[in-house]
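Structure file work-v9.cif; described as mmCIF, C-alpha atoms.
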```cif
data_query
loop_
_atom_site.label_atom_id
_atom_site.label_comp_id
_atom_site.auth_asym_id
_atom_site.auth_seq_id
_atom_site.Cartn_x
_atom_site.Cartn_y
_atom_site.Cartn_z
CA MET X 974 24.24 -6.61 -8.05
CA ALA X 975 23.20 -5.57 -4.54
CA ILE X 976 23.68 -9.10 -3.21
CA ALA X 977 27.19 -9.27 -4.70
CA ARG X 978 28.04 -5.90 -3.20
CA ALA X 979 26.74 -6.96 0.21
CA THR X 980 28.95 -10.06 0.33
CA VAL X 981 32.25 -8.44 -0.76
CA GLY X 982 33.52 -7.44 2.68
CA ALA X 983 32.96 -10.87 4.29
CA PRO X 984 30.06 -9.73 6.49
CA ARG X 985 28.69 -11.79 9.35
CA LEU X 986 25.11 -10.62 8.77
CA ILE X 987 23.14 -9.44 5.74
CA VAL X 988 19.88 -7.53 6.25
CA ALA X 989 17.64 -8.09 3.22
CA ASP X 990 14.62 -5.79 3.23
CA GLU X 991 12.06 -7.10 0.72
CA PRO X 992 14.71 -8.54 -1.65
CA THR X 993 12.12 -10.19 -3.90
CA SER X 994 9.30 -7.68 -3.92
CA MET X 995 8.14 -6.66 -7.39
CA LEU X 996 9.82 -9.67 -9.05
CA ASP X 997 8.14 -12.46 -10.96
CA VAL X 998 7.90 -15.96 -9.51
CA SER X 999 10.87 -17.51 -11.33
CA VAL X 1000 13.22 -14.67 -10.39
CA ARG X 1001 12.01 -14.84 -6.77
CA ALA X 1002 12.89 -18.52 -6.64
CA SER X 1003 16.35 -17.81 -8.09
CA ILE X 1004 17.04 -15.04 -5.56
CA ASN X 1005 15.88 -17.21 -2.65
CA SER X 1006 18.07 -20.07 -3.85
CA LEU X 1007 21.02 -17.71 -4.19
CA LEU X 1008 20.54 -16.39 -0.64
CA ARG X 1009 20.35 -19.94 0.73
CA ASN X 1010 23.53 -20.94 -1.12
CA ILE X 1011 25.39 -17.87 0.16
CA ASP X 1012 24.21 -18.66 3.68
CA ASP X 1013 25.44 -22.26 3.44
CA GLU X 1014 28.78 -21.50 1.80
CA ARG X 1015 29.83 -18.50 3.87
CA ALA X 1016 28.17 -19.36 7.20
CA LEU X 1017 26.69 -15.93 7.64
CA GLY X 1018 23.34 -14.80 8.97
CA ILE X 1019 20.63 -13.38 6.75
CA LEU X 1020 17.85 -11.30 8.28
CA LEU X 1021 15.02 -11.43 5.75
CA ILE X 1022 12.37 -8.73 6.09
CA THR X 1023 9.26 -9.52 4.03
CA HIS X 1024 5.48 -9.32 4.00
CA ASP X 1025 5.19 -12.46 1.88
CA LEU X 1026 4.75 -15.50 4.12
CA GLY X 1027 5.52 -17.83 1.22
CA ILE X 1028 9.02 -16.35 0.95
CA ALA X 1029 9.58 -16.44 4.70
#
```
Entire entry expressed as C-alpha cells:
Amino acid sequence: MAIARATVGAPRLIVADEPTSMLDVSVRASINSLLRNIDDERALGILLITHDLGIA
C-alpha cells in the first residue's frame, strides 16, 4: 500500500527506508522485484536505505 501511495503523484525519486525489514524471504523478493519494475517502467530514482547487504 505504501509503495502504491508513493508512486501516485509521478515522483522523480522514492526514498525507501528499510522497505523489506521484518518480512519473510519470499515477500522480500516480491517487494524487490516490484521496486525494480517500477524503476524500469517509470524511469524514477529509488534511494534504498537498508542494513541488509543481500538486499542492496
Exercise for review: Between CA of Ala1029 in chain X and CA of Val981 in chain X, measure the distance and give it in Å to one decimal.
Suggested key: 24.7 Å
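Counting only C-alpha atoms and comparing X:His1024, X:Ser994, X:Asn1005, X:Asp1012, the residue that lies closest to Thr980 in chain X is X:Asp1012.
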Exercise for review: Give me, please, the distance in Å between CA of Asp1013 in chain X and CA of Pro992 in chain X, quoted to one decimal.
Suggested key: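 Result for CA of Asp1013 in chain X versus CA of Pro992 in chain X: 18.1 Å, one decimal.
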Review point. When you draw a straight line from CA of Arg1001 in chain X to CA of Ala1016 in chain X, how long is it in Å?
Key: 21.8 Å
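Nearest to Ala979 in chain X of all the residues X:Ser1003, X:Leu996, X:Leu1026, X:Leu1008 is X:Leu1008, based on only C-alpha atoms.
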Exercise for review: Pull the neighbourhood of (24.6, -9.1, 7.5) for me: all residues within 9 Å in file coordinates, counting all atoms listed in the file, as JSON, numbers by chain.
Suggested key: {"X": [979, 980, 984, 985, 986, 987, 988, 989, 1017, 1018, 1019, 1020]}
Point to revise | Result set of the PyMOL selection byres ((chain X and resi 1022) around 6) on the coordinates above, as a PyMOL selection string | key: chain X and resi 990-991+1021+1023
Would you place a box with edges along x, y and z of the file around all atoms of range 980-991 of chain X listed there, add 5 Å to each of its six sides, and report the centre and edge lengths in Å to one decimal, as lines of an AutoDock Vina configuration file?
```
center_x = 22.8
center_y = -8.8
center_z = 4.3
size_x = 31.5
size_y = 16.0
size_z = 20.1
```
